[in-house]
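Report on the following structure.
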Amino acid sequence: MSHLPILPVIVPALTAVTLLLFARAPIATQRAISVLSMLGMVGIATALVVEAAGGSMMTYRLGDWAAPYGIVLVADRLAVLMVAMTSLVGLGTVAFAAQGWDLHGRNFHALLHFQLMGLNGAFLTGDIFNLFVFFEILLIASYGLMLHGGGRERIGAGLHYVVLNLGGSALFVIGLGMVYGSLGTLNMADLALRVGDVGPGLEAVVQAAALLLLVVFALKAALLPLYFWLPRTYGATSAPVAALFAIMTKVGVYSIIRVYTLVFPGEAPVIDGLPGAVLLPIALATIVFAALGALAANTLRGMVANLLVVSVGVMMTAISLFTEASLAAGLYYMVHSTLIVAALFLIVEMVSAERGEVVDRLQPAPQVARPALLGTLFFVAAAAIGGLPPFGGFLGKVYVLQSAADANGVAWIWTIVLAGSLLGLVALARGGSAVFWNTAPSTDDDEIGDPPRTAPPSGRPASAAPAVLLLGLVAAVAILAGPVSTFTDAAAAQLADPTGYIEAVMGPDGGIDGVADGDIDDVADGGTEGVAVELQTGGGE
Amino acid sequence: MELLLTLTVGVLVAGGVFLVLRPRTFSTILGLSLLSYAANVFLFSSSYVRTGLAPLASIKDSPFPDPLPQALVLTAIVISFGMTGFVVVLSLRAYNDLGSDHVDGDVHDPASADGGGTS
């Protein structure tokens, strides 16, 4: 049993603890530890991608407990893809924050690595209760990061964010109680085996659990009725944190993909296509509302946050069809859009740092100090996120539209995805021209009273390096579209046929009988039956 | 027993949802606590409810309850306790910084009420 799959959880955890030990050390030491660890993470993620690209499904049994009883980590292609994206965005974030943003509060780097630990754990775990635990780890780290630096606006937005997510956690626990009560296990592969054979009277409980979990994941992914927290939260926090949070919405997207292809697949009689039928209209409506939100935004950061929600809507549109081709398209688009949104948050921050007190509000302001560099970066990033031809956004959207060609409601999907792209481009054109062309002469020369949020605007060309790194990755996703889409196609093939996943976790006999300890198994089954009896009598009264 | 448990969870959720929607942070925190109690009791009941069982699986022949939900609920309690502690500190900080215990800050102050990522 190779120890590779556990490393993406262990390394950030150890790094974070080490950083706490060095909390009083010079910031340069902390930055060095943090950057070195991130480079190591990129190496580990590369090794995982190489391993998974060969088609091997790596599993890791914690404590070597047999499958349905112990917690198991599973590194299939989807999980590995998410881990790789996390480490790349994390590297860009750390490099950007090391220019001074990490000085606004204490323990920035430690919190960031705890967040990475939660993210990687959520992507790798094969146990649905463990998924909840890793959600909580990444959330509590994100609370700290979101509030990093403080300030009125940030505290106010942070309070909403925390309360909303605590409510979501309560729903998650209730959903898990229903899952365990009705199916008698929490291991996702074991659940997949049992969901095809639900006890009498328990169909409603299983359906309710599936949809309750969908609400929780939709809150994390920022789908329509539950996305209004995102623009305000991402607008109020510091730029590197917003860039890192671009990957956090993808935890919700990932969980939806994982749970509704493996645990509650649409083919199961008890589920009967329910999640897809609910998700498609929600995803399309998300695109419409968020595109209008991007048009109406009065700050550049608010616009990018809304464009992030648009991109989530586009990928969820593809994913909600739950075919192999549409999953592949959704995954490819997710890789592109996550990287480009993270890059845009960094670019917008560099722009607003040079605009004095106006920061990123869309109103006349003094010319930025480096119009050529920042204007070019913004233009390239805007073209990439808007989905103009040379970039991966264009390829991804074509891919999404193609995969939807045979779906019901294809006219709606094509119209809304294309109209959403157009509105996004109009918003970006408006934002770009307002910031770079509609300049006003500087009214006052004493710009010492910068808001405390703004980091020391280091005029060195190297300050743009993290954003350029992320933009380079975006370009790589387009240039290497062949290999990347081959990988996402293969990941979708694994998702469309979960027997490989189940066999890797549960063993080739595909059941718990081979490893089961009779007593525990009996108790679990007894529990299931007990609930079934209660529900039946309850229904009869 | 089932009826009592069901009513308890129902009342806790109803009270929790009502309090979470109140405009002051204090009642919101109480509401979140009630919601997490409800979730924990519900999770605990996911192994069927029965009285008169041995608490542990020590005696071979006697029936015993499923131990897994107990472990799960212990994890959930620890997490919700930590989160509640955090949100208490955060709301105190918000009260000091915003000068009001309203969840939207001081609602009479237009500067803080417009929100929307202006900072």
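Numbering starts fresh at 1 for the residues of each chain in the structure tokens, the chains themselves are lettered A, B, ... in the order given, and ligands are numbered from 1 as they appear.
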
Find the spatial neighbours of stretch 297-306 of chain A, counting only C-alpha atoms, within a cut-off of 7 Å - ignore same-chain residues fewer than 2 positions away - and output them as a list in words.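 My reading of the contact set: Pro231, Tyr234, Gly235, Ala290, Ala291, Gly293, Ala294, Leu295, Leu308, Val309, Val310, Phe345, Val348, Asp360, Arg361, Leu362 and Gly431 of chain A; Gly116, Gly117 and Thr118 of chain B.
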
Kindly export the residues of the current selection with N, CA and C atoms, as a JSON list (two decimals), in the first residue's frame.
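Final output, out.json:
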```json
[["chain", "number", "residue", "atom", "x", "y", "z"],
["A", 231, "PRO", "N", -20.72, 36.98, -3.52],
["A", 231, "PRO", "CA", -20.10, 38.24, -3.96],
["A", 231, "PRO", "C", -19.68, 39.13, -2.80],
["A", 234, "TYR", "N", -16.53, 37.40, -0.96],
["A", 234, "TYR", "CA", -15.32, 37.46, -1.76],
["A", 234, "TYR", "C", -14.91, 38.90, -2.03],
["A", 235, "GLY", "N", -15.91, 39.80, -2.04],
["A", 235, "GLY", "CA", -15.58, 41.20, -2.24],
["A", 235, "GLY", "C", -14.94, 41.81, -1.01],
["A", 290, "ALA", "N", -26.42, 35.56, -12.07],
["A", 290, "ALA", "CA", -25.05, 36.00, -11.80],
["A", 290, "ALA", "C", -24.54, 36.88, -12.94],
["A", 291, "ALA", "N", -24.95, 36.60, -14.20],
["A", 291, "ALA", "CA", -24.52, 37.46, -15.31],
["A", 291, "ALA", "C", -25.10, 38.86, -15.14],
["A", 293, "GLY", "N", -25.88, 40.11, -12.31],
["A", 293, "GLY", "CA", -25.14, 40.65, -11.17],
["A", 293, "GLY", "C", -23.80, 41.22, -11.59],
["A", 294, "ALA", "N", -23.12, 40.56, -12.54],
["A", 294, "ALA", "CA", -21.84, 41.06, -13.03],
["A", 294, "ALA", "C", -22.03, 42.39, -13.75],
["A", 295, "LEU", "N", -23.14, 42.50, -14.51],
["A", 295, "LEU", "CA", -23.41, 43.77, -15.20],
["A", 295, "LEU", "C", -23.69, 44.88, -14.20],
["A", 308, "LEU", "N", -17.42, 34.43, -11.30],
["A", 308, "LEU", "CA", -17.13, 33.12, -10.71],
["A", 308, "LEU", "C", -18.41, 32.31, -10.60],
["A", 309, "VAL", "N", -19.50, 32.97, -10.14],
["A", 309, "VAL", "CA", -20.77, 32.26, -10.01],
["A", 309, "VAL", "C", -21.30, 31.84, -11.38],
["A", 310, "VAL", "N", -21.12, 32.72, -12.40],
["A", 310, "VAL", "CA", -21.52, 32.34, -13.76],
["A", 310, "VAL", "C", -20.80, 31.06, -14.18],
["A", 345, "PHE", "N", -8.70, 37.60, -9.60],
["A", 345, "PHE", "CA", -8.75, 38.23, -8.28],
["A", 345, "PHE", "C", -7.40, 38.90, -7.97],
["A", 348, "VAL", "N", -7.01, 42.06, -10.30],
["A", 348, "VAL", "CA", -7.86, 43.16, -9.84],
["A", 348, "VAL", "C", -7.26, 43.83, -8.61],
["A", 360, "ASP", "N", -11.17, 49.60, -6.29],
["A", 360, "ASP", "CA", -11.69, 48.95, -7.49],
["A", 360, "ASP", "C", -13.10, 49.40, -7.84],
["A", 361, "ARG", "N", -13.55, 50.53, -7.28],
["A", 361, "ARG", "CA", -14.87, 51.03, -7.68],
["A", 361, "ARG", "C", -14.81, 51.52, -9.12],
["A", 362, "LEU", "N", -15.91, 51.29, -9.84],
["A", 362, "LEU", "CA", -15.93, 51.63, -11.27],
["A", 362, "LEU", "C", -16.29, 53.10, -11.44],
["A", 431, "GLY", "N", -16.19, 47.18, -17.33],
["A", 431, "GLY", "CA", -15.27, 47.33, -16.21],
["A", 431, "GLY", "C", -13.89, 47.76, -16.66],
["B", 116, "GLY", "N", -21.65, 45.01, -0.39],
["B", 116, "GLY", "CA", -21.30, 44.80, -1.78],
["B", 116, "GLY", "C", -19.85, 45.01, -2.15],
["B", 117, "GLY", "N", -18.92, 44.64, -1.30],
["B", 117, "GLY", "CA", -17.54, 44.57, -1.74],
["B", 117, "GLY", "C", -16.91, 45.89, -2.08],
["B", 118, "THR", "N", -17.19, 46.92, -1.31],
["B", 118, "THR", "CA", -16.61, 48.21, -1.62],
["B", 118, "THR", "C", -15.24, 48.38, -1.00]]
```

Chain B contacts on chain A, only C-alpha atoms, 9 Å, as an MDAnalysis selection string: chainID A and resid 129 133 136 140 151:160 162:163 166:167 169:182 184 231:237 297:299 301:302 359:361 451 453 520 523:524 526:531 534

Show which residues sit within 12 Å of A:Val400, as a ChimeraX atom specification. Count only C-alpha atoms, and ignore same-chain residues fewer than 3 positions away. /A:311,313-321,323-334,392-397,403-407,410,413-414,417-418

Restricting the output to N, CA and C atoms, write the selected residues as a tab-separated table (two decimals), in the first residue's frame.
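Wrote result_31.tsv, looks like this:
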```
chain	number	residue	atom	x	y	z
A	311	SER	N	-19.49	31.00	-13.89
A	311	SER	CA	-18.73	29.83	-14.34
A	311	SER	C	-19.18	28.59	-13.60
A	313	GLY	N	-22.22	28.12	-12.65
A	313	GLY	CA	-23.47	27.77	-13.33
A	313	GLY	C	-23.22	26.99	-14.60
A	314	VAL	N	-22.21	27.43	-15.39
A	314	VAL	CA	-21.93	26.75	-16.66
A	314	VAL	C	-21.48	25.32	-16.40
A	315	MET	N	-20.55	25.15	-15.44
A	315	MET	CA	-20.07	23.77	-15.23
A	315	MET	C	-21.15	22.90	-14.62
A	316	MET	N	-22.00	23.48	-13.76
A	316	MET	CA	-23.08	22.67	-13.19
A	316	MET	C	-24.12	22.32	-14.24
A	317	THR	N	-24.32	23.19	-15.24
A	317	THR	CA	-25.22	22.85	-16.33
A	317	THR	C	-24.76	21.57	-17.01
A	318	ALA	N	-23.44	21.51	-17.31
A	318	ALA	CA	-22.91	20.31	-17.96
A	318	ALA	C	-23.02	19.12	-17.01
A	319	ILE	N	-22.63	19.32	-15.74
A	319	ILE	CA	-22.57	18.19	-14.81
A	319	ILE	C	-23.97	17.64	-14.54
A	320	SER	N	-24.98	18.55	-14.52
A	320	SER	CA	-26.33	18.10	-14.14
A	320	SER	C	-26.91	17.14	-15.18
A	321	LEU	N	-26.31	17.07	-16.38
A	321	LEU	CA	-26.81	16.10	-17.36
A	321	LEU	C	-26.36	14.69	-17.01
A	323	THR	N	-24.10	12.71	-18.04
A	323	THR	CA	-23.61	11.74	-19.02
A	323	THR	C	-22.09	11.79	-18.99
A	324	GLU	N	-21.47	10.79	-19.59
A	324	GLU	CA	-20.01	10.75	-19.55
A	324	GLU	C	-19.42	11.96	-20.27
A	325	ALA	N	-20.00	12.29	-21.44
A	325	ALA	CA	-19.46	13.42	-22.21
A	325	ALA	C	-19.66	14.74	-21.46
A	326	SER	N	-20.82	14.90	-20.82
A	326	SER	CA	-21.08	16.18	-20.15
A	326	SER	C	-20.23	16.32	-18.90
A	327	LEU	N	-19.98	15.21	-18.19
A	327	LEU	CA	-19.09	15.29	-17.04
A	327	LEU	C	-17.68	15.68	-17.47
A	328	ALA	N	-17.22	15.09	-18.58
A	328	ALA	CA	-15.88	15.43	-19.08
A	328	ALA	C	-15.82	16.91	-19.43
A	329	ALA	N	-16.86	17.41	-20.10
A	329	ALA	CA	-16.88	18.82	-20.48
A	329	ALA	C	-16.89	19.71	-19.24
A	330	GLY	N	-17.71	19.33	-18.26
A	330	GLY	CA	-17.79	20.13	-17.03
A	330	GLY	C	-16.45	20.17	-16.31
A	331	LEU	N	-15.75	19.04	-16.28
A	331	LEU	CA	-14.46	18.99	-15.59
A	331	LEU	C	-13.43	19.86	-16.31
A	332	TYR	N	-13.40	19.77	-17.64
A	332	TYR	CA	-12.43	20.58	-18.39
A	332	TYR	C	-12.70	22.07	-18.13
A	333	TYR	N	-13.97	22.43	-18.19
A	333	TYR	CA	-14.30	23.84	-17.97
A	333	TYR	C	-13.96	24.27	-16.54
A	334	MET	N	-14.11	23.34	-15.60
A	334	MET	CA	-13.81	23.68	-14.20
A	334	MET	C	-12.31	23.98	-14.03
A	392	GLY	N	-8.87	28.54	-23.09
A	392	GLY	CA	-9.57	27.33	-22.69
A	392	GLY	C	-11.04	27.56	-22.40
A	393	GLY	N	-11.42	28.78	-22.05
A	393	GLY	CA	-12.82	29.05	-21.79
A	393	GLY	C	-13.67	28.81	-23.02
A	394	PHE	N	-13.12	29.19	-24.17
A	394	PHE	CA	-13.82	28.96	-25.43
A	394	PHE	C	-13.96	27.47	-25.70
A	395	LEU	N	-12.83	26.76	-25.60
A	395	LEU	CA	-12.86	25.31	-25.83
A	395	LEU	C	-13.82	24.64	-24.85
A	396	GLY	N	-13.73	25.06	-23.58
A	396	GLY	CA	-14.58	24.45	-22.56
A	396	GLY	C	-16.04	24.66	-22.85
A	397	LYS	N	-16.39	25.88	-23.27
A	397	LYS	CA	-17.81	26.13	-23.53
A	397	LYS	C	-18.30	25.37	-24.75
A	403	SER	N	-21.69	18.63	-25.60
A	403	SER	CA	-22.14	17.51	-24.78
A	403	SER	C	-23.62	17.62	-24.46
A	404	ALA	N	-24.17	18.85	-24.56
A	404	ALA	CA	-25.59	19.04	-24.26
A	404	ALA	C	-26.45	18.89	-25.50
A	405	ALA	N	-25.83	18.60	-26.66
A	405	ALA	CA	-26.57	18.65	-27.91
A	405	ALA	C	-27.73	17.65	-27.94
A	406	ASP	N	-27.60	16.53	-27.25
A	406	ASP	CA	-28.66	15.53	-27.29
A	406	ASP	C	-29.59	15.61	-26.09
A	407	ALA	N	-29.34	16.57	-25.21
A	407	ALA	CA	-30.11	16.60	-23.97
A	407	ALA	C	-31.49	17.19	-24.21
A	410	VAL	N	-32.19	21.35	-24.91
A	410	VAL	CA	-30.92	21.83	-25.44
A	410	VAL	C	-31.02	23.29	-25.86
A	413	ILE	N	-30.43	25.39	-22.88
A	413	ILE	CA	-29.03	25.34	-22.41
A	413	ILE	C	-28.15	26.20	-23.30
A	414	TRP	N	-28.28	26.02	-24.64
A	414	TRP	CA	-27.42	26.78	-25.55
A	414	TRP	C	-27.68	28.27	-25.41
A	417	VAL	N	-26.39	29.61	-21.86
A	417	VAL	CA	-24.93	29.60	-21.72
A	417	VAL	C	-24.30	30.67	-22.61
A	418	LEU	N	-24.81	30.78	-23.86
A	418	LEU	CA	-24.23	31.76	-24.78
A	418	LEU	C	-24.59	33.18	-24.34
```

According to DSSP computed on the backbone, where in chain B is there alpha helix (DSSP H)? Give the residues as a ChimeraX atom specification. /B:2-20,25-44,68-98,110-113

When you look at A:Ala475 with a cut-off of 12 Å (counting only C-alpha atoms), what residues show up, excluding the ones that are within fewer than 5 positions of it in the same chain? I need them as an NGL selection string. :A and (335-337 or 339-340 or 343 or 380-381 or 383-385 or 389-395 or 468-470 or 480-481 or 484)

Atoms kept (N, CA and C atoms) for selection, written as an mmCIF file, in the first residue's frame:
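Saved file selection.cif follows:
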```cif
data_model
loop_
_atom_site.group_PDB
_atom_site.id
_atom_site.type_symbol
_atom_site.label_atom_id
_atom_site.label_comp_id
_atom_site.auth_asym_id
_atom_site.auth_seq_id
_atom_site.Cartn_x
_atom_site.Cartn_y
_atom_site.Cartn_z
ATOM 1 N N VAL A 335 -11.451 23.178 -14.659
ATOM 2 C CA VAL A 335 -10.012 23.418 -14.544
ATOM 3 C C VAL A 335 -9.688 24.828 -15.036
ATOM 4 N N HIS A 336 -10.194 25.140 -16.222
ATOM 5 C CA HIS A 336 -9.918 26.464 -16.794
ATOM 6 C C HIS A 336 -10.465 27.567 -15.896
ATOM 7 N N SER A 337 -11.748 27.459 -15.523
ATOM 8 C CA SER A 337 -12.395 28.599 -14.869
ATOM 9 C C SER A 337 -11.840 28.832 -13.467
ATOM 10 N N LEU A 339 -8.721 28.332 -12.428
ATOM 11 C CA LEU A 339 -7.429 29.009 -12.528
ATOM 12 C C LEU A 339 -7.613 30.468 -12.954
ATOM 13 N N ILE A 340 -8.511 30.716 -13.893
ATOM 14 C CA ILE A 340 -8.631 32.078 -14.414
ATOM 15 C C ILE A 340 -9.292 32.997 -13.384
ATOM 16 N N ALA A 343 -6.642 33.941 -10.944
ATOM 17 C CA ALA A 343 -5.735 34.929 -11.537
ATOM 18 C C ALA A 343 -6.392 36.309 -11.562
ATOM 19 N N VAL A 380 -6.011 40.067 -21.165
ATOM 20 C CA VAL A 380 -5.835 38.635 -21.424
ATOM 21 C C VAL A 380 -6.765 37.823 -20.532
ATOM 22 N N ALA A 381 -6.784 38.190 -19.234
ATOM 23 C CA ALA A 381 -7.619 37.434 -18.295
ATOM 24 C C ALA A 381 -9.093 37.586 -18.638
ATOM 25 N N ALA A 383 -10.398 38.173 -21.605
ATOM 26 C CA ALA A 383 -10.690 37.370 -22.795
ATOM 27 C C ALA A 383 -10.796 35.898 -22.429
ATOM 28 N N ALA A 384 -9.945 35.461 -21.494
ATOM 29 C CA ALA A 384 -9.949 34.045 -21.123
ATOM 30 C C ALA A 384 -11.213 33.689 -20.353
ATOM 31 N N ILE A 385 -11.624 34.546 -19.403
ATOM 32 C CA ILE A 385 -12.807 34.182 -18.616
ATOM 33 C C ILE A 385 -14.077 34.398 -19.417
ATOM 34 N N PRO A 389 -11.919 32.978 -28.307
ATOM 35 C CA PRO A 389 -11.309 31.806 -28.912
ATOM 36 C C PRO A 389 -9.943 31.330 -28.445
ATOM 37 N N PRO A 390 -8.876 32.099 -28.363
ATOM 38 C CA PRO A 390 -7.638 31.331 -28.169
ATOM 39 C C PRO A 390 -7.542 30.635 -26.822
ATOM 40 N N PHE A 391 -8.464 30.848 -25.921
ATOM 41 C CA PHE A 391 -8.295 30.357 -24.552
ATOM 42 C C PHE A 391 -9.170 29.150 -24.247
ATOM 43 N N GLY A 392 -8.866 28.540 -23.085
ATOM 44 C CA GLY A 392 -9.566 27.331 -22.686
ATOM 45 C C GLY A 392 -11.036 27.556 -22.402
ATOM 46 N N GLY A 393 -11.418 28.784 -22.047
ATOM 47 C CA GLY A 393 -12.821 29.053 -21.787
ATOM 48 C C GLY A 393 -13.670 28.807 -23.015
ATOM 49 N N PHE A 394 -13.117 29.195 -24.168
ATOM 50 C CA PHE A 394 -13.821 28.963 -25.432
ATOM 51 C C PHE A 394 -13.959 27.469 -25.695
ATOM 52 N N LEU A 395 -12.832 26.757 -25.598
ATOM 53 C CA LEU A 395 -12.860 25.313 -25.826
ATOM 54 C C LEU A 395 -13.816 24.640 -24.848
ATOM 55 N N VAL A 468 0.876 36.096 -13.236
ATOM 56 C CA VAL A 468 1.363 35.614 -14.526
ATOM 57 C C VAL A 468 1.485 34.092 -14.503
ATOM 58 N N LEU A 469 1.902 33.548 -13.355
ATOM 59 C CA LEU A 469 1.977 32.092 -13.217
ATOM 60 C C LEU A 469 0.620 31.452 -13.464
ATOM 61 N N LEU A 470 -0.420 32.024 -12.798
ATOM 62 C CA LEU A 470 -1.754 31.446 -12.960
ATOM 63 C C LEU A 470 -2.246 31.627 -14.394
ATOM 64 N N LEU A 480 -2.329 22.837 -24.128
ATOM 65 C CA LEU A 480 -2.289 21.393 -23.916
ATOM 66 C C LEU A 480 -3.699 20.837 -23.788
ATOM 67 N N ALA A 481 -4.628 21.408 -24.555
ATOM 68 C CA ALA A 481 -6.021 20.973 -24.436
ATOM 69 C C ALA A 481 -6.159 19.488 -24.712
ATOM 70 N N VAL A 484 -4.993 17.507 -21.506
ATOM 71 C CA VAL A 484 -5.889 17.824 -20.390
ATOM 72 C C VAL A 484 -7.254 17.201 -20.611
#
```

Rounded to one decimal place, report the atom CA of B:Met1-atom CA of A:Leu212 distance in Å.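 Atom-to-atom, atom CA of B:Met1 to atom CA of A:Leu212, that is 25.5 Å.
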
Counting only C-alpha atoms, what is within 12 Å of A:Asp272, bar same-chain residues fewer than 2 positions away, as a ChimeraX atom specification? /A:195-196,203,206-207,210,260,264-270,274-278

Just checking: using only C-alpha atoms, which residue out of A:Ala189, A:Val259, A:Leu88, A:Leu401 ends up closest to A:Pro68?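 Answer, going by the shortest atom-to-atom distance: A:Ala189.
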